[in-house]
Each structure stands twice: as structure tokens, then as C-alpha cells.
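Chemist: Structure: final-v4.pdb, PDB, C-alpha atoms.
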ATOM      1  CA  MET A   1       6.745 -22.370-151.195  1.00  0.00           C
ATOM      2  CA  ALA A   2      10.274 -21.159-151.867  1.00  0.00           C
ATOM      3  CA  THR A   3      13.167 -22.774-150.021  1.00  0.00           C
ATOM      4  CA  LEU A   4      14.277 -20.622-147.136  1.00  0.00           C
ATOM      5  CA  LYS A   5      17.898 -19.700-146.606  1.00  0.00           C
ATOM      6  CA  TYR A   6      19.360 -21.231-143.438  1.00  0.00           C
ATOM      7  CA  SER A   7      19.672 -18.869-140.487  1.00  0.00           C
ATOM      8  CA  ARG A   8      21.628 -19.638-137.312  1.00  0.00           C
ATOM      9  CA  GLN A   9      19.471 -17.163-135.420  1.00  0.00           C
ATOM     10  CA  ARG A  10      16.237 -18.803-136.605  1.00  0.00           C
ATOM     11  CA  GLU A  11      17.629 -22.218-135.688  1.00  0.00           C
ATOM     12  CA  ALA A  12      18.563 -20.916-132.216  1.00  0.00           C
ATOM     13  CA  ILE A  13      15.034 -19.543-131.738  1.00  0.00           C
ATOM     14  CA  LYS A  14      13.495 -22.858-132.763  1.00  0.00           C
ATOM     15  CA  ASN A  15      15.861 -24.852-130.524  1.00  0.00           C
ATOM     16  CA  TYR A  16      15.085 -22.563-127.593  1.00  0.00           C
ATOM     17  CA  LEU A  17      11.355 -23.173-128.043  1.00  0.00           C
ATOM     18  CA  VAL A  18      11.737 -26.954-128.365  1.00  0.00           C
ATOM     19  CA  ASP A  19      13.143 -27.128-124.835  1.00  0.00           C
ATOM     20  CA  ARG A  20      10.335 -25.029-123.322  1.00  0.00           C
ATOM     21  CA  THR A  21       6.918 -25.947-121.983  1.00  0.00           C
ATOM     22  CA  ASP A  22       5.992 -22.509-120.648  1.00  0.00           C
ATOM     23  CA  HIS A  23       5.031 -21.011-124.025  1.00  0.00           C
ATOM     24  CA  PRO A  24       7.337 -17.964-123.934  1.00  0.00           C
ATOM     25  CA  THR A  25       6.510 -14.536-125.324  1.00  0.00           C
ATOM     26  CA  ALA A  26       8.606 -12.917-128.072  1.00  0.00           C
ATOM     27  CA  ASP A  27      10.270 -10.758-125.397  1.00  0.00           C
ATOM     28  CA  MET A  28      11.264 -13.864-123.430  1.00  0.00           C
ATOM     29  CA  VAL A  29      12.674 -15.466-126.597  1.00  0.00           C
ATOM     30  CA  TYR A  30      14.537 -12.247-127.413  1.00  0.00           C
ATOM     31  CA  THR A  31      16.107 -12.047-123.946  1.00  0.00           C
ATOM     32  CA  ALA A  32      17.305 -15.657-124.133  1.00  0.00           C
ATOM     33  CA  ILE A  33      18.606 -15.479-127.710  1.00  0.00           C
ATOM     34  CA  ARG A  34      20.487 -12.246-126.975  1.00  0.00           C
ATOM     35  CA  GLU A  35      22.721 -14.228-124.632  1.00  0.00           C
ATOM     36  CA  VAL A  36      23.961 -16.202-127.669  1.00  0.00           C
ATOM     37  CA  TYR A  37      23.570 -13.474-130.318  1.00  0.00           C
ATOM     38  CA  PRO A  38      24.043 -10.134-128.508  1.00  0.00           C
ATOM     39  CA  ASN A  39      23.433  -8.074-131.662  1.00  0.00           C
ATOM     40  CA  ILE A  40      20.101  -9.659-132.567  1.00  0.00           C
ATOM     41  CA  SER A  41      17.202  -7.213-132.678  1.00  0.00           C
ATOM     42  CA  LEU A  42      13.717  -7.683-131.288  1.00  0.00           C
ATOM     43  CA  GLY A  43      12.420  -7.189-134.838  1.00  0.00           C
ATOM     44  CA  THR A  44      14.519 -10.112-136.080  1.00  0.00           C
ATOM     45  CA  VAL A  45      13.108 -12.320-133.339  1.00  0.00           C
ATOM     46  CA  TYR A  46       9.538 -11.280-134.230  1.00  0.00           C
ATOM     47  CA  ARG A  47      10.127 -11.869-137.953  1.00  0.00           C
ATOM     48  CA  ASN A  48      11.606 -15.312-137.335  1.00  0.00           C
ATOM     49  CA  LEU A  49       8.826 -16.312-134.931  1.00  0.00           C
ATOM     50  CA  THR A  50       6.259 -15.232-137.522  1.00  0.00           C
ATOM     51  CA  LEU A  51       8.065 -17.139-140.263  1.00  0.00           C
ATOM     52  CA  LEU A  52       8.378 -20.295-138.160  1.00  0.00           C
ATOM     53  CA  ALA A  53       4.662 -20.099-137.328  1.00  0.00           C
ATOM     54  CA  GLN A  54       3.713 -19.585-140.989  1.00  0.00           C
ATOM     55  CA  GLN A  55       5.791 -22.629-141.944  1.00  0.00           C
ATOM     56  CA  GLY A  56       4.087 -24.726-139.280  1.00  0.00           C
ATOM     57  CA  GLU A  57       7.302 -25.320-137.344  1.00  0.00           C
ATOM     58  CA  ILE A  58       5.887 -23.633-134.223  1.00  0.00           C
ATOM     59  CA  ILE A  59       2.456 -22.537-133.031  1.00  0.00           C
ATOM     60  CA  LYS A  60       1.572 -18.917-132.297  1.00  0.00           C
ATOM     61  CA  ILE A  61      -0.909 -18.701-129.417  1.00  0.00           C
ATOM     62  CA  SER A  62      -2.943 -15.487-129.435  1.00  0.00           C
ATOM     63  CA  CYS A  63      -3.700 -14.639-125.819  1.00  0.00           C
ATOM     64  CA  GLY A  64      -6.099 -11.759-126.367  1.00  0.00           C
ATOM     65  CA  GLU A  65      -4.851  -8.563-124.778  1.00  0.00           C
ATOM     66  CA  ASN A  66      -1.750 -10.297-123.408  1.00  0.00           C
ATOM     67  CA  SER A  67       1.338 -10.955-125.508  1.00  0.00           C
ATOM     68  CA  ASP A  68       1.272 -13.788-128.011  1.00  0.00           C
ATOM     69  CA  ARG A  69       2.977 -16.973-126.858  1.00  0.00           C
ATOM     70  CA  PHE A  70       4.878 -19.561-128.875  1.00  0.00           C
ATOM     71  CA  ASP A  71       4.922 -23.349-128.743  1.00  0.00           C
ATOM     72  CA  ALA A  72       7.265 -25.737-130.577  1.00  0.00           C
ATOM     73  CA  ARG A  73       4.914 -28.669-129.949  1.00  0.00           C
ATOM     74  CA  THR A  74       2.979 -28.716-133.218  1.00  0.00           C
ATOM     75  CA  SER A  75       0.989 -31.896-132.680  1.00  0.00           C
ATOM     76  CA  ALA A  76      -2.751 -31.312-132.314  1.00  0.00           C
ATOM     77  CA  HIS A  77      -3.527 -30.101-128.814  1.00  0.00           C
ATOM     78  CA  TYR A  78      -5.349 -27.342-126.970  1.00  0.00           C
ATOM     79  CA  HIS A  79      -4.214 -24.617-124.614  1.00  0.00           C
ATOM     80  CA  PHE A  80      -5.483 -23.257-121.314  1.00  0.00           C
ATOM     81  CA  ILE A  81      -4.842 -19.545-120.688  1.00  0.00           C
ATOM     82  CA  CYS A  82      -5.017 -18.225-117.127  1.00  0.00           C
ATOM     83  CA  GLU A  83      -6.822 -14.884-117.093  1.00  0.00           C
ATOM     84  CA  GLU A  84      -5.111 -13.844-113.842  1.00  0.00           C
ATOM     85  CA  CYS A  85      -1.408 -14.530-114.390  1.00  0.00           C
ATOM     86  CA  GLY A  86      -1.287 -15.172-118.160  1.00  0.00           C
ATOM     87  CA  ARG A  87       0.137 -18.667-117.803  1.00  0.00           C
ATOM     88  CA  VAL A  88      -0.419 -20.946-120.825  1.00  0.00           C
ATOM     89  CA  ASP A  89      -0.630 -24.711-120.327  1.00  0.00           C
ATOM     90  CA  ASP A  90      -0.958 -27.574-122.800  1.00  0.00           C
ATOM     91  CA  LEU A  91      -4.093 -29.731-122.712  1.00  0.00           C
ATOM     92  CA  MET A  92      -2.988 -32.894-124.459  1.00  0.00           C
ATOM     93  CA  ASP A  93      -5.544 -35.617-123.723  1.00  0.00           C
ATOM     94  CA  PHE A  94      -8.376 -34.488-125.992  1.00  0.00           C
ATOM     95  CA  ASP A  95      -9.631 -35.995-129.252  1.00  0.00           C
ATOM     96  CA  THR A  96      -9.043 -32.911-131.404  1.00  0.00           C
ATOM     97  CA  GLN A  97     -10.337 -34.624-134.554  1.00  0.00           C
ATOM     98  CA  MET A  98     -13.707 -35.221-132.889  1.00  0.00           C
ATOM     99  CA  ILE A  99     -14.448 -31.478-132.976  1.00  0.00           C
ATOM    100  CA  ASP A 100     -13.564 -31.341-136.690  1.00  0.00           C
ATOM    101  CA  ARG A 101     -15.956 -34.238-137.350  1.00  0.00           C
ATOM    102  CA  MET A 102     -18.720 -32.573-135.326  1.00  0.00           C
ATOM    103  CA  ALA A 103     -18.270 -29.289-137.171  1.00  0.00           C
ATOM    104  CA  GLU A 104     -18.371 -31.037-140.562  1.00  0.00           C
ATOM    105  CA  LYS A 105     -21.889 -32.261-139.730  1.00  0.00           C
ATOM    106  CA  TYR A 106     -23.098 -28.652-139.494  1.00  0.00           C
ATOM    107  CA  TYR A 107     -20.966 -26.984-142.163  1.00  0.00           C
ATOM    108  CA  ASP A 108     -21.353 -27.548-145.897  1.00  0.00           C
ATOM    109  CA  GLY A 109     -17.689 -27.059-146.705  1.00  0.00           C
ATOM    110  CA  GLU A 110     -14.350 -28.629-145.927  1.00  0.00           C
ATOM    111  CA  ILE A 111     -12.792 -28.296-142.493  1.00  0.00           C
ATOM    112  CA  TYR A 112      -9.025 -28.750-142.253  1.00  0.00           C
ATOM    113  CA  GLY A 113      -8.538 -27.973-138.590  1.00  0.00           C
ATOM    114  CA  HIS A 114      -9.335 -25.582-135.783  1.00  0.00           C
ATOM    115  CA  GLN A 115      -7.907 -23.735-132.805  1.00  0.00           C
ATOM    116  CA  LEU A 116      -9.501 -23.777-129.403  1.00  0.00           C
ATOM    117  CA  TYR A 117      -8.403 -22.018-126.235  1.00  0.00           C
ATOM    118  CA  PHE A 118      -9.763 -22.576-122.754  1.00  0.00           C
ATOM    119  CA  TYR A 119      -9.763 -19.602-120.382  1.00  0.00           C
ATOM    120  CA  GLY A 120     -10.027 -19.487-116.621  1.00  0.00           C
ATOM    121  CA  LYS A 121      -7.825 -19.570-113.567  1.00  0.00           C
ATOM    122  CA  CYS A 122      -4.793 -21.857-113.305  1.00  0.00           C
ATOM    123  CA  LYS A 123      -4.239 -24.056-110.266  1.00  0.00           C
ATOM    124  CA  CYS A 124      -1.632 -21.680-108.775  1.00  0.00           C
ATOM    125  CA  CYS A 125      -3.964 -18.655-108.968  1.00  0.00           C
ATOM    126  CA  LYS A 126      -6.887 -20.727-107.716  1.00  0.00           C
ATOM    127  CA  ASP A 127      -4.819 -21.957-104.754  1.00  0.00           C
ATOM    128  CA  LYS A 128      -3.668 -18.403-103.947  1.00  0.00           C
ATOM    129  CA  LYS A 129      -7.276 -17.225-103.824  1.00  0.00           C
ATOM    130  CA  ASN A 130      -8.249 -20.170-101.622  1.00  0.00           C
ATOM    131  CA  ASP A 131      -5.271 -19.452 -99.321  1.00  0.00           C
ATOM    132  CA  LYS A 132      -6.433 -15.821 -98.962  1.00  0.00           C
ATOM    133  CA  LYS A 133      -9.950 -17.010 -98.087  1.00  0.00           C
ATOM    134  CA  VAL A 134      -8.561 -19.323 -95.395  1.00  0.00           C
ATOM    135  CA  LEU A 135      -6.401 -16.529 -93.951  1.00  0.00           C
ATOM    136  CA  THR A 136      -9.281 -14.041 -93.988  1.00  0.00           C
ATOM    137  CA  SER A 137     -11.732 -16.422 -92.307  1.00  0.00           C
ATOM    138  CA  SER A 138      -9.195 -17.489 -89.676  1.00  0.00           C
ATOM    139  CA  THR A 139      -8.427 -13.885 -88.661  1.00  0.00           C
ATOM    140  CA  GLU A 140     -12.054 -12.876 -88.268  1.00  0.00           C
TER     141      GLU A 140
END
Starting from the file, give its structure as C-alpha cells.
Modeler:
Amino acid sequence: MATLKYSRQREAIKNYLVDRTDHPTADMVYTAIREVYPNISLGTVYRNLTLLAQQGEIIKISCGENSDRFDARTSAHYHFICEECGRVDDLMDFDTQMIDRMAEKYYDGEIYGHQLYFYGKCKCCKDKKNDKKVLTSSTE
């Protein structure tokens, strides 16, 4: 792969992501980076996020119909995506290599890795629904 020319904007995007655990969207990254580089375009942010993901410096999390999210934590881990609010959380305490080993038993090829997303309802959305149930049953 060719050596990439240094970019202050790309470095700022990467540094912004390193300090985040909420897996921001490209729009969120753009809004934050514009405070430092007011003339940066949304297209530049998208191109740099794509480039950083292709180089393995960040992870692009495809959230289905919702906007893609980005994660600077590149160590092997899974993600949970809330189908109500769109929140993305890290799931860190899994043996990710175990799934590769299991798949190798059933596939006559070479497996280098995988991506796995868990979908459901986050604790906040679950608690909101439970709070509504309590309110509804107490007013009846």
C-alpha cells in the first residue's frame, strides 16, 4: 500500500474518535471537526473516515438503515445496536477467536476474521418502556 500524505484534518478526525465511546456518526464527527477546521467539508470527513477504516485505523459499524458509526477501538470486540434509539455499545468480554475456530470446522477455506452485531433494546430504552408500564398500571 502506498504511503499516505499526512493530513492535519485526518489526524484531528482520528484523535476525536479516540476520545469517544459513543461511536459517532459522520455528521457528529463533521460537526465537531468544524469547530477546529471551519472550512472542512462533509465530503472530506466522509473520505477520511473511509480511508481510516480501509487502513484499519478505525472501525466502520454498519447500522442497517441508520447512519454508519465509527469506532477508534480496533481490538477485536462486538457491538450492540439499539433498534429503538440507535445507540451503539461495545461488548468487550467475548472470545472473538472462538467463533473463527468454530466457523473453520464447517468451512473448507481460510477464515481471517468476522464481524458480528447484536441487535435489541438498550438498557435506557428498556427502562423507559418499563417506566411507562408502571405509570400506566398505577393510573388504571
Chemist: Can you spell out as a PyMOL selection string the set of residues that the PyMOL selection byres ((chain A and resi 116-126) around 9) selects in the structure I just provided?
Modeler: chain A and resi 61+63+77-89+114-115+127-131
Chemist: I'd like the residues picked by the PyMOL selection byres ((chain A and resi 20) around 12) written out as JSON, numbers by chain, using the chain letters and numbers from the file.
Modeler: {"A": [13, 14, 15, 16, 17, 18, 19, 21, 22, 23, 24, 25, 28, 29, 32, 58, 69, 70, 71, 72, 73, 88, 89, 90]}
Chemist: Under the PyMOL selection byres ((chain A and resi 42) around 9), which residues of this model are included? Write them out as a PyMOL selection string.
Modeler: chain A and resi 26-27+30-31+40-41+43-47
Chemist: Just the number, please: distance in Å from atom CA of A:Gly56 to atom CA of A:Tyr6, one decimal.
Modeler: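 About the pair atom CA of A:Gly56 and atom CA of A:Tyr6: they are 16.2 Å apart.
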Chemist: Taking the point (-13.0, -31.6, -135.9) as given in the file, collect each protein or nucleic acid residue that comes within 12 Å of it, counting all atoms listed in the file, and present the set as a list of chain:residue names.
Modeler: A:Ala76, A:His77, A:Phe94, A:Asp95, A:Thr96, A:Gln97, A:Met98, A:Ile99, A:Asp100, A:Arg101, A:Met102, A:Ala103, A:Glu104, A:Lys105, A:Tyr106, A:Tyr107, A:Glu110, A:Ile111, A:Tyr112, A:Gly113, A:His114, A:Gln115, A:Leu116
Chemist: Restricting the calculation to all atoms listed in the file, which member of A:Asp108, A:Glu57, A:Asp93, A:Glu11 is positioned closest to A:Val36?
Modeler: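 That would be A:Glu11, the residue with the smallest distance to A:Val36.
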Chemist: Work out how far apart atom CA of A:Met92 and atom CA of A:Ser75 are and give it in Å to one decimal.
Modeler: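 Distance between the two atoms: 9.2 Å.
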Chemist: Between A:Ile33, A:Leu91, A:Ile59, A:Leu51, which has the minimum distance to A:Gln9 (counting only C-alpha atoms)?
Modeler: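 The closest residue to A:Gln9 is A:Ile33.
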Chemist: Which distance in Å separates atom CA of A:Asn48 and atom CA of A:Arg10, to one decimal?
Modeler: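 According to the coordinates, atom CA of A:Asn48 and atom CA of A:Arg10 are separated by 5.8 Å.
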Chemist: My list of candidates is A:Glu35, A:Ser7, A:Asp68, A:Gly109. Which is closest to A:Ala53 when distances are computed with all atoms listed in the file?
Modeler: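 The closest residue to A:Ala53 is A:Asp68.
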